[in-house]
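Participant: Below you will find the structure I want to go over with you.
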Amino acid sequence: MTTLPASVQTYDVIRIRDDFPILKREVHPGIPLVYLDSTATSQKPAAVIEAIDTFYRHTNANIHRGVHTLAEEATAAYESARQRVAEFIGAPSARQVIFTRNATESINLVAFTWARANLKAGDVIVLTEMEHHSNLVPWQILAAERNIRLEFIPVTPAGLLDLAEYLRLLELKPRLVSFTQMSNVLGTINPAKEIIHLAHQAGAITLVDAAQSVPHFPVDVPSLGADFLVFSAHKMCGPTGIGVLYGRKDLLESMPPFLGGGDMIKGVQLRSFRPNEIPYKFEAGTPAVAEAIGFGAAVDYLKSVGMEAIAAHEREIVSYAMERLEEVPEVSIFGGTHHERGGVISFTFAGVHPHDISQILDSVGIAIRAGHHCAMPLHEKFGLPATARASFYLYSTTQEVDKLVEGLYKVKKIFG
Amino acid sequence: MNDLYRELIIDHYKNPQYRGILEPNDISFEDENPLCGDHIRIDLRLDENGKVKEAMFDGHGCAISQASADLLIESIQGKSLDDVKALAKEDVLDLLGIELGPVRLKCALLPLKVLKAGVYGLGQADDDLVE
């Protein structure tokens with residue numbers, strides 16, 4: 001038996017729940033919230049809410065330009081947040097961390113700048129069938145404009161990527177391989193390091209959609225070897241409106257700017273401009289200063305709990321949930337049960353549409369998601385118009401899983 | 001605040017000892033800081049041993065950036081290029097003798113950034129040079 005780190009052994013979910021004010025609310029009179037929708041967005045600890053509040057009460061000023069005290073403090077706080085976020089993913093330099101609006105904008109940034117500067121008609125981009133729309137549509141737009149060929153690593157019925165087919169796709173000498181590290185529907189954790197290594201051997205640049213991985217388990221960019229990696233703050237205890245594009249320094253430096261405006265320039269004449277250095281080159285206009293500061297507080301918080309401990313806790317919750325859901329005969333879990341799975345379970349309930357499941361569960365305080373979870377092609381492939389999805393995070397408990405199962409028995413009773 | 005505009009800085013700003021252009025030169029580089037619109041150009045002439053024989057700066061901008069340039073140029077006279085490459089943020093702050101927040105730090109470090117980009121023969125100056 002392996003010994004778990006001390007932080008895992010002493011994981012105190014009740015104490016952690018205390019850090020999240022929203023978890024104390026009732027959804028309906030006398031009915032407490034059971035929040036099982038963290039894959040859509042996580043809840044926020046008081047430390048994050050207070051960091052943003054304090055910024056607006058004490059420090060608020062625009063950054064980088066002013067030389068007054070507030071501007072200096074705001075700039076220092078914003079850049080310190082960048083530094084801590086960079087350390088959180090092991091980025092060699094904070095300058096490689098570009099603040100964007102979210103993971104979606106980060107992917108679009110790469111599609112608009114790196115891809116438009118480097119790809120030409122006939123070039124191949126490899127994606128996967130389990131991508132979120134954010135890692136499909138930007139490439140579809142580019143493909144239509146540039147006559148670029150999109151290929152997809154298939155998903156097996158067990159919910160895994162077909163790596164044999166991936167090897168065949170690499171023979172097409174793709175210029176880019178862009179994939180999710182963890183599926184937001186299947187919970188599948190993809191072998192990112194192997195996928196990247198193979199892509200590099202074939203001469204491709206890699207982009208990792210880490211929106212579901214960075215919040216849930218330790219991700220170390222240098223050991224992964226990713227050329228680009230994107231994620232959003234709001235899925236990792238941080239505020240909405242801020243995300244990250246991490247990039248290899250030489251790539252970021254050679255890429256043309258994305259949005260034009262203030263802060264991304266070094267100098268401007270009436271008919272021309274000289275772009276600023278990275279990361280500022282890609283941060284036109286006043287950025288989300290308060291959100292960046294909240295993001296910094298979020299990574300501090302996650303670090304204090306420990307990413308290993310969070311991952312271990314989620315593994316425990318998800319395996320308990322898989323076990324308990326199997327007790328309900330009408331429930332079918334989407335994707336396999338045997339592989340390593342993150343804290344996400346998508347399922348169907350025989351004879352009941354996921355929207356109805358979700359509505360009934362809400363009546364007992366349970367928040368789950370129903371729909372295609374921004375992954376329509378994946379659902380279509382398996383002939384499912386929609387699924388219900390329960391997802392877990394550091395504050396989820398086995399008692400909440402029990403309530404979910406009770407709720408599903410209520411669904412059964414109503415639909416008879 | 002009192003420290004920021006101490007006499008030394010005002011002196012070097014108003015009466016720089018090393019303002020000018022060297023033409024021809026062995027190394028020349030220029031860059032700007034979008035904050036104050038600071039602009040710094042640095043020219044070097046080397047002796048037969050590759051040491052700094054003459055150095056000058058030119059440009060315009062805030063007192064911090066211009067004084068920092070003058071002090072920096074003064075400090076590198078006769079130095080080898082390896083010595084120049086080894087200069088760091090702390091050396092400039094020691095020369096200035098003041099503490100600076102992140103915004104004004106960019107002003108103070110622009111001359112060092114320009115100098116190192118020139119000495120390394122880089123196409124562009126970047127913040128890694130002075131970190």
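Ordered as shown in the structure tokens, chains take letters A, B, and onward, while each chain numbers its residues from 1 and ligands are numbered from 1 in the order shown.
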Restrict the distance test to only C-alpha atoms, flag each residue of chain B within 7 Å of chain A, and return the flagged residues as a compact mmCIF listing (two decimals) with C-alpha atoms, in the first residue's frame.
Facilitator:
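Listed below is the output, selection.txt:
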# COMPACT_ATOMS: atom_id res chain seq x y z
CA GLU B 32 11.96 53.01 -25.38
CA ASN B 33 9.70 52.62 -22.41
CA PRO B 34 6.07 53.32 -23.25
CA LEU B 35 5.40 54.52 -19.67
CA GLY B 101 7.99 50.41 -7.38
CA PRO B 102 7.29 48.22 -10.41
CA VAL B 103 6.18 51.05 -12.69
CA ARG B 104 9.17 53.37 -12.15
CA ASP B 126 13.45 42.56 -23.31
Participant: Quick one: residues within 9 Å of stretch 44-50 of chain A, only C-alpha atoms counted, chain neighbours fewer than 2 positions away excluded, as a compact mmCIF listing (two decimals) with N, CA and C atoms, in the first residue's frame?
Facilitator:
# COMPACT_ATOMS: atom_id res chain seq x y z
N ILE A 16 -12.69 22.70 4.68
CA ILE A 16 -12.58 23.33 3.35
C ILE A 16 -13.92 23.96 2.95
N ARG A 17 -15.00 23.25 3.22
CA ARG A 17 -16.33 23.79 2.87
C ARG A 17 -16.60 25.11 3.59
N ASP A 18 -16.04 25.24 4.78
CA ASP A 18 -16.18 26.47 5.56
C ASP A 18 -15.58 27.68 4.84
N ASP A 19 -14.61 27.42 3.97
CA ASP A 19 -13.96 28.51 3.24
C ASP A 19 -14.84 29.08 2.12
N PHE A 20 -15.91 28.37 1.78
CA PHE A 20 -16.74 28.76 0.63
C PHE A 20 -18.11 29.25 1.11
N PRO A 21 -18.28 30.57 1.20
CA PRO A 21 -19.53 31.12 1.76
C PRO A 21 -20.79 30.58 1.07
N ILE A 22 -20.74 30.40 -0.25
CA ILE A 22 -21.95 30.03 -0.99
C ILE A 22 -22.47 28.64 -0.59
N SER A 42 -16.32 26.70 -10.83
CA SER A 42 -16.13 26.33 -9.42
C SER A 42 -16.71 27.42 -8.53
N ILE A 52 -10.51 40.48 -4.04
CA ILE A 52 -11.11 41.38 -5.04
C ILE A 52 -11.73 42.59 -4.33
N ASP A 53 -12.43 42.31 -3.24
CA ASP A 53 -13.07 43.37 -2.46
C ASP A 53 -12.01 44.36 -1.95
N THR A 54 -10.94 43.83 -1.41
CA THR A 54 -9.87 44.69 -0.87
C THR A 54 -9.24 45.53 -1.97
N PHE A 55 -9.06 44.91 -3.14
CA PHE A 55 -8.49 45.66 -4.25
C PHE A 55 -9.36 46.88 -4.57
N HIS A 234 -11.85 30.80 -13.53
CA HIS A 234 -13.13 30.56 -12.83
C HIS A 234 -13.39 29.09 -12.53
N MET A 236 -11.11 27.23 -11.29
CA MET A 236 -10.14 26.87 -10.24
C MET A 236 -10.20 27.84 -9.07
N CYS A 237 -11.44 28.11 -8.64
CA CYS A 237 -11.69 28.95 -7.45
C CYS A 237 -11.47 30.43 -7.70
N GLY A 238 -11.10 30.81 -8.91
CA GLY A 238 -10.88 32.22 -9.22
C GLY A 238 -12.10 32.85 -9.86
N PRO A 239 -11.98 34.15 -10.16
CA PRO A 239 -13.11 34.87 -10.75
C PRO A 239 -13.30 34.55 -12.24
N ILE A 293 -5.93 39.68 -9.66
CA ILE A 293 -5.58 39.65 -8.24
C ILE A 293 -6.38 38.53 -7.54
N GLY A 294 -7.65 38.39 -7.92
CA GLY A 294 -8.46 37.28 -7.40
C GLY A 294 -7.89 35.93 -7.84
N PHE A 295 -7.40 35.88 -9.05
CA PHE A 295 -6.79 34.66 -9.60
C PHE A 295 -5.56 34.28 -8.77
N GLY A 296 -4.76 35.30 -8.44
CA GLY A 296 -3.58 35.07 -7.60
C GLY A 296 -3.97 34.48 -6.25
N ALA A 297 -5.04 35.03 -5.67
CA ALA A 297 -5.53 34.51 -4.38
C ALA A 297 -6.03 33.07 -4.54
N ALA A 298 -6.61 32.76 -5.70
CA ALA A 298 -7.13 31.41 -5.94
C ALA A 298 -5.99 30.38 -6.01
N TYR A 301 -4.70 29.78 -2.62
CA TYR A 301 -5.62 28.93 -1.86
C TYR A 301 -5.45 27.46 -2.25
Participant: Output as CSV one row per residue of stretch 288-371 of chain A within 9 Å of stretch 194-218 of chain A: the closest atom pair and its distance in Å to one decimal place, counting only C-alpha atoms, sorted by chain and residue number ascending.
Facilitator:
residue,atom,partner,partner_atom,distance
A:Leu302,CA,A:Pro215,CA,8.4
A:Gly306,CA,A:Pro218,CA,8.8
A:Met307,CA,A:Phe217,CA,5.4
A:Glu308,CA,A:Phe217,CA,6.3
A:Ala309,CA,A:Phe217,CA,8.6
A:Ile310,CA,A:His216,CA,6.7
A:Ala311,CA,A:Phe217,CA,5.1
A:Ala312,CA,A:Phe217,CA,8.6
A:Glu314,CA,A:His216,CA,8.0
A:Gly342,CA,A:His216,CA,7.7
A:Gly343,CA,A:His216,CA,8.1
Participant: The selected residues should be written to file as a PDB file, in the first residue's frame (atoms: C-alpha atoms).
Facilitator:
ATOM      1  CA  LEU A 302      -5.301  25.806  -4.019  1.00  0.00           C
ATOM      2  CA  GLY A 306      -2.373  21.032  -2.048  1.00  0.00           C
ATOM      3  CA  MET A 307      -3.096  19.861  -5.594  1.00  0.00           C
ATOM      4  CA  GLU A 308      -2.098  16.272  -4.808  1.00  0.00           C
ATOM      5  CA  ALA A 309      -4.545  16.270  -1.927  1.00  0.00           C
ATOM      6  CA  ILE A 310      -7.319  17.747  -4.076  1.00  0.00           C
ATOM      7  CA  ALA A 311      -6.721  15.166  -6.802  1.00  0.00           C
ATOM      8  CA  ALA A 312      -6.767  12.319  -4.260  1.00  0.00           C
ATOM      9  CA  GLU A 314     -11.671  13.853  -6.105  1.00  0.00           C
ATOM     10  CA  GLY A 342     -11.299  13.017 -13.251  1.00  0.00           C
ATOM     11  CA  GLY A 343     -14.149  14.226 -11.068  1.00  0.00           C
TER      12      GLY A 343
END
Participant: At a cut-off of 7 Å, using only C-alpha atoms, what residues contact B:Val114? Leave out same-chain residues fewer than 5 positions from it and give the result as a PyMOL selection string.
Facilitator: chain B and resi 29-31+42+125
Participant: Can you tell me which residues surround stretch 74-87 of chain B at a distance of at most 8 Å, considering only C-alpha atoms, apart from same-chain residues fewer than 6 positions away, and format the answer as a PyMOL selection string?
Facilitator: chain B and resi 17-18+50-55+112+116+119-120
Participant: One decimal, Å: what's the distance from atom CA of A:Thr348 over to atom CA of A:Ile333, could you say?
Facilitator: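 Distance between the two atoms: 6.6 Å.
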Participant: Just want the 10 Å neighbourhood of A:Thr100, counted on only C-alpha atoms, with same-chain residues fewer than 6 positions away dropped. Output as number ranges by chain.
Facilitator: A: 106-107, 109, 230-232, 241-245, 282-284, 287-288, 292
Participant: Atom CA of A:Lys281 and atom CA of B:Leu110, how far apart in Å?
Facilitator: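 Computing it gives 17.4 Å between the two atoms.
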Participant: Can you pull out every residue within 7 Å of stretch 156-162 of chain A, counting only C-alpha atoms, but drop anything in the same chain fewer than 3 positions away, and send it as a count of residues only?
Facilitator: 7
Participant: Which of chain B counts as strand (DSSP E or B) under DSSP, as a ChimeraX atom specification please?
Facilitator: /B:19,27-33,38-46,51-60,80
Participant: Which distance in Å separates atom CA of B:Ala117 and atom CA of B:Pro16, to one decimal?
Facilitator: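 These atoms are spaced 22.3 Å apart.
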Participant: Any idea what's packed within 10 Å of A:Pro256, counting only C-alpha atoms, ignoring anything in its chain fewer than 5 positions away? Could you give it as a JSON list (two decimals) with N, CA and C atoms, in the first residue's frame?
Facilitator:
[["chain", "number", "residue", "atom", "x", "y", "z"],
["A", 110, "VAL", "N", -4.18, 32.00, -30.20],
["A", 110, "VAL", "CA", -3.21, 31.19, -30.94],
["A", 110, "VAL", "C", -3.67, 30.99, -32.39],
["A", 112, "PHE", "N", -5.55, 33.00, -34.14],
["A", 112, "PHE", "CA", -5.48, 34.25, -34.90],
["A", 112, "PHE", "C", -4.05, 34.71, -35.16],
["A", 113, "THR", "N", -3.13, 34.34, -34.28],
["A", 113, "THR", "CA", -1.78, 34.88, -34.44],
["A", 113, "THR", "C", -0.81, 33.81, -34.93],
["A", 114, "TRP", "N", -0.51, 32.84, -34.08],
["A", 114, "TRP", "CA", 0.47, 31.83, -34.49],
["A", 114, "TRP", "C", 0.01, 31.11, -35.76],
["A", 116, "ARG", "N", -2.29, 31.88, -38.06],
["A", 116, "ARG", "CA", -2.40, 32.67, -39.29],
["A", 116, "ARG", "C", -1.03, 33.07, -39.84],
["A", 117, "ALA", "N", -0.05, 33.16, -38.96],
["A", 117, "ALA", "CA", 1.30, 33.51, -39.43],
["A", 117, "ALA", "C", 2.05, 32.29, -39.96],
["A", 251, "LEU", "N", 8.07, 31.11, -29.39],
["A", 251, "LEU", "CA", 6.85, 31.17, -30.19],
["A", 251, "LEU", "C", 6.10, 32.47, -29.92],
["A", 275, "PRO", "N", 5.28, 46.84, -31.59],
["A", 275, "PRO", "CA", 4.66, 46.07, -30.51],
["A", 275, "PRO", "C", 5.54, 46.03, -29.26],
["A", 281, "LYS", "N", 2.55, 42.41, -25.11],
["A", 281, "LYS", "CA", 2.20, 42.43, -26.54],
["A", 281, "LYS", "C", 0.81, 41.86, -26.79],
["A", 282, "PHE", "N", 0.39, 40.92, -25.93],
["A", 282, "PHE", "CA", -0.90, 40.26, -26.13],
["A", 282, "PHE", "C", -1.96, 40.72, -25.13]]
Participant: In terms of the shortest atom-to-atom distance over only C-alpha atoms, which of A:Arg324, A:Thr39, A:Leu172, A:Ala290 is closest to A:Asp402?
Facilitator: A:Arg324
Participant: Using DSSP on the backbone, list every residue of stretch 317-397 of chain A that comes out as helix (DSSP H, G or I), and give them as an mmCIF file with N, CA and C atoms, in the first residue's frame.
Facilitator:
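Resulting contents of result.cif:
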data_model
loop_
_atom_site.group_PDB
_atom_site.id
_atom_site.type_symbol
_atom_site.label_atom_id
_atom_site.label_comp_id
_atom_site.auth_asym_id
_atom_site.auth_seq_id
_atom_site.Cartn_x
_atom_site.Cartn_y
_atom_site.Cartn_z
ATOM 1 N N ILE A 317 -14.011 10.619 -4.235
ATOM 2 C CA ILE A 317 -15.424 10.980 -4.437
ATOM 3 C C ILE A 317 -15.950 10.356 -5.720
ATOM 4 N N VAL A 318 -15.168 10.421 -6.791
ATOM 5 C CA VAL A 318 -15.681 9.940 -8.079
ATOM 6 C C VAL A 318 -15.821 8.418 -8.069
ATOM 7 N N SER A 319 -14.924 7.721 -7.387
ATOM 8 C CA SER A 319 -15.071 6.263 -7.393
ATOM 9 C C SER A 319 -16.254 5.858 -6.508
ATOM 10 N N TYR A 320 -16.472 6.596 -5.433
ATOM 11 C CA TYR A 320 -17.667 6.352 -4.611
ATOM 12 C C TYR A 320 -18.928 6.628 -5.436
ATOM 13 N N ALA A 321 -18.910 7.715 -6.207
ATOM 14 C CA ALA A 321 -20.080 8.083 -7.014
ATOM 15 C C ALA A 321 -20.360 7.041 -8.098
ATOM 16 N N MET A 322 -19.288 6.546 -8.736
ATOM 17 C CA MET A 322 -19.464 5.516 -9.784
ATOM 18 C C MET A 322 -20.156 4.292 -9.173
ATOM 19 N N GLU A 323 -19.672 3.927 -7.998
ATOM 20 C CA GLU A 323 -20.218 2.763 -7.302
ATOM 21 C C GLU A 323 -21.698 2.951 -6.989
ATOM 22 N N ARG A 324 -22.011 4.099 -6.410
ATOM 23 C CA ARG A 324 -23.384 4.361 -5.985
ATOM 24 C C ARG A 324 -24.326 4.520 -7.180
ATOM 25 N N LEU A 325 -23.834 5.139 -8.268
ATOM 26 C CA LEU A 325 -24.710 5.339 -9.429
ATOM 27 C C LEU A 325 -25.050 4.013 -10.101
ATOM 28 N N PRO A 354 -32.340 14.531 -19.790
ATOM 29 C CA PRO A 354 -31.461 15.153 -18.791
ATOM 30 C C PRO A 354 -31.995 16.474 -18.224
ATOM 31 N N HIS A 355 -32.706 17.253 -19.030
ATOM 32 C CA HIS A 355 -33.266 18.499 -18.494
ATOM 33 C C HIS A 355 -34.280 18.218 -17.389
ATOM 34 N N ASP A 356 -35.028 17.140 -17.553
ATOM 35 C CA ASP A 356 -36.013 16.782 -16.520
ATOM 36 C C ASP A 356 -35.313 16.243 -15.279
ATOM 37 N N ILE A 357 -34.242 15.490 -15.487
ATOM 38 C CA ILE A 357 -33.461 15.004 -14.340
ATOM 39 C C ILE A 357 -32.968 16.205 -13.537
ATOM 40 N N SER A 358 -32.401 17.154 -14.254
ATOM 41 C CA SER A 358 -31.811 18.314 -13.621
ATOM 42 C C SER A 358 -32.862 19.127 -12.865
ATOM 43 N N GLN A 359 -34.043 19.264 -13.478
ATOM 44 C CA GLN A 359 -35.131 20.017 -12.842
ATOM 45 C C GLN A 359 -35.572 19.352 -11.538
ATOM 46 N N ILE A 360 -35.712 18.050 -11.576
ATOM 47 C CA ILE A 360 -36.154 17.329 -10.366
ATOM 48 C C ILE A 360 -35.057 17.399 -9.292
ATOM 49 N N LEU A 361 -33.815 17.233 -9.716
ATOM 50 C CA LEU A 361 -32.712 17.309 -8.744
ATOM 51 C C LEU A 361 -32.641 18.699 -8.118
ATOM 52 N N ASP A 362 -32.926 19.723 -8.920
ATOM 53 C CA ASP A 362 -32.896 21.092 -8.370
ATOM 54 C C ASP A 362 -33.927 21.251 -7.261
ATOM 55 N N SER A 363 -35.045 20.550 -7.385
ATOM 56 C CA SER A 363 -36.087 20.688 -6.355
ATOM 57 C C SER A 363 -35.604 20.173 -5.002
ATOM 58 N N MET A 376 -20.941 18.905 -28.584
ATOM 59 C CA MET A 376 -21.973 18.282 -29.416
ATOM 60 C C MET A 376 -21.445 17.128 -30.264
ATOM 61 N N PRO A 377 -20.277 17.298 -30.912
ATOM 62 C CA PRO A 377 -19.820 16.182 -31.759
ATOM 63 C C PRO A 377 -19.619 14.877 -30.980
ATOM 64 N N LEU A 378 -19.142 14.996 -29.748
ATOM 65 C CA LEU A 378 -18.930 13.798 -28.930
ATOM 66 C C LEU A 378 -20.261 13.117 -28.626
ATOM 67 N N HIS A 379 -21.270 13.914 -28.297
ATOM 68 C CA HIS A 379 -22.590 13.346 -28.012
ATOM 69 C C HIS A 379 -23.189 12.712 -29.265
ATOM 70 N N GLU A 380 -23.034 13.399 -30.397
ATOM 71 C CA GLU A 380 -23.588 12.862 -31.647
ATOM 72 C C GLU A 380 -22.959 11.537 -32.008
ATOM 73 N N LYS A 381 -21.653 11.441 -31.811
ATOM 74 C CA LYS A 381 -20.950 10.203 -32.149
ATOM 75 C C LYS A 381 -21.563 9.015 -31.414
#
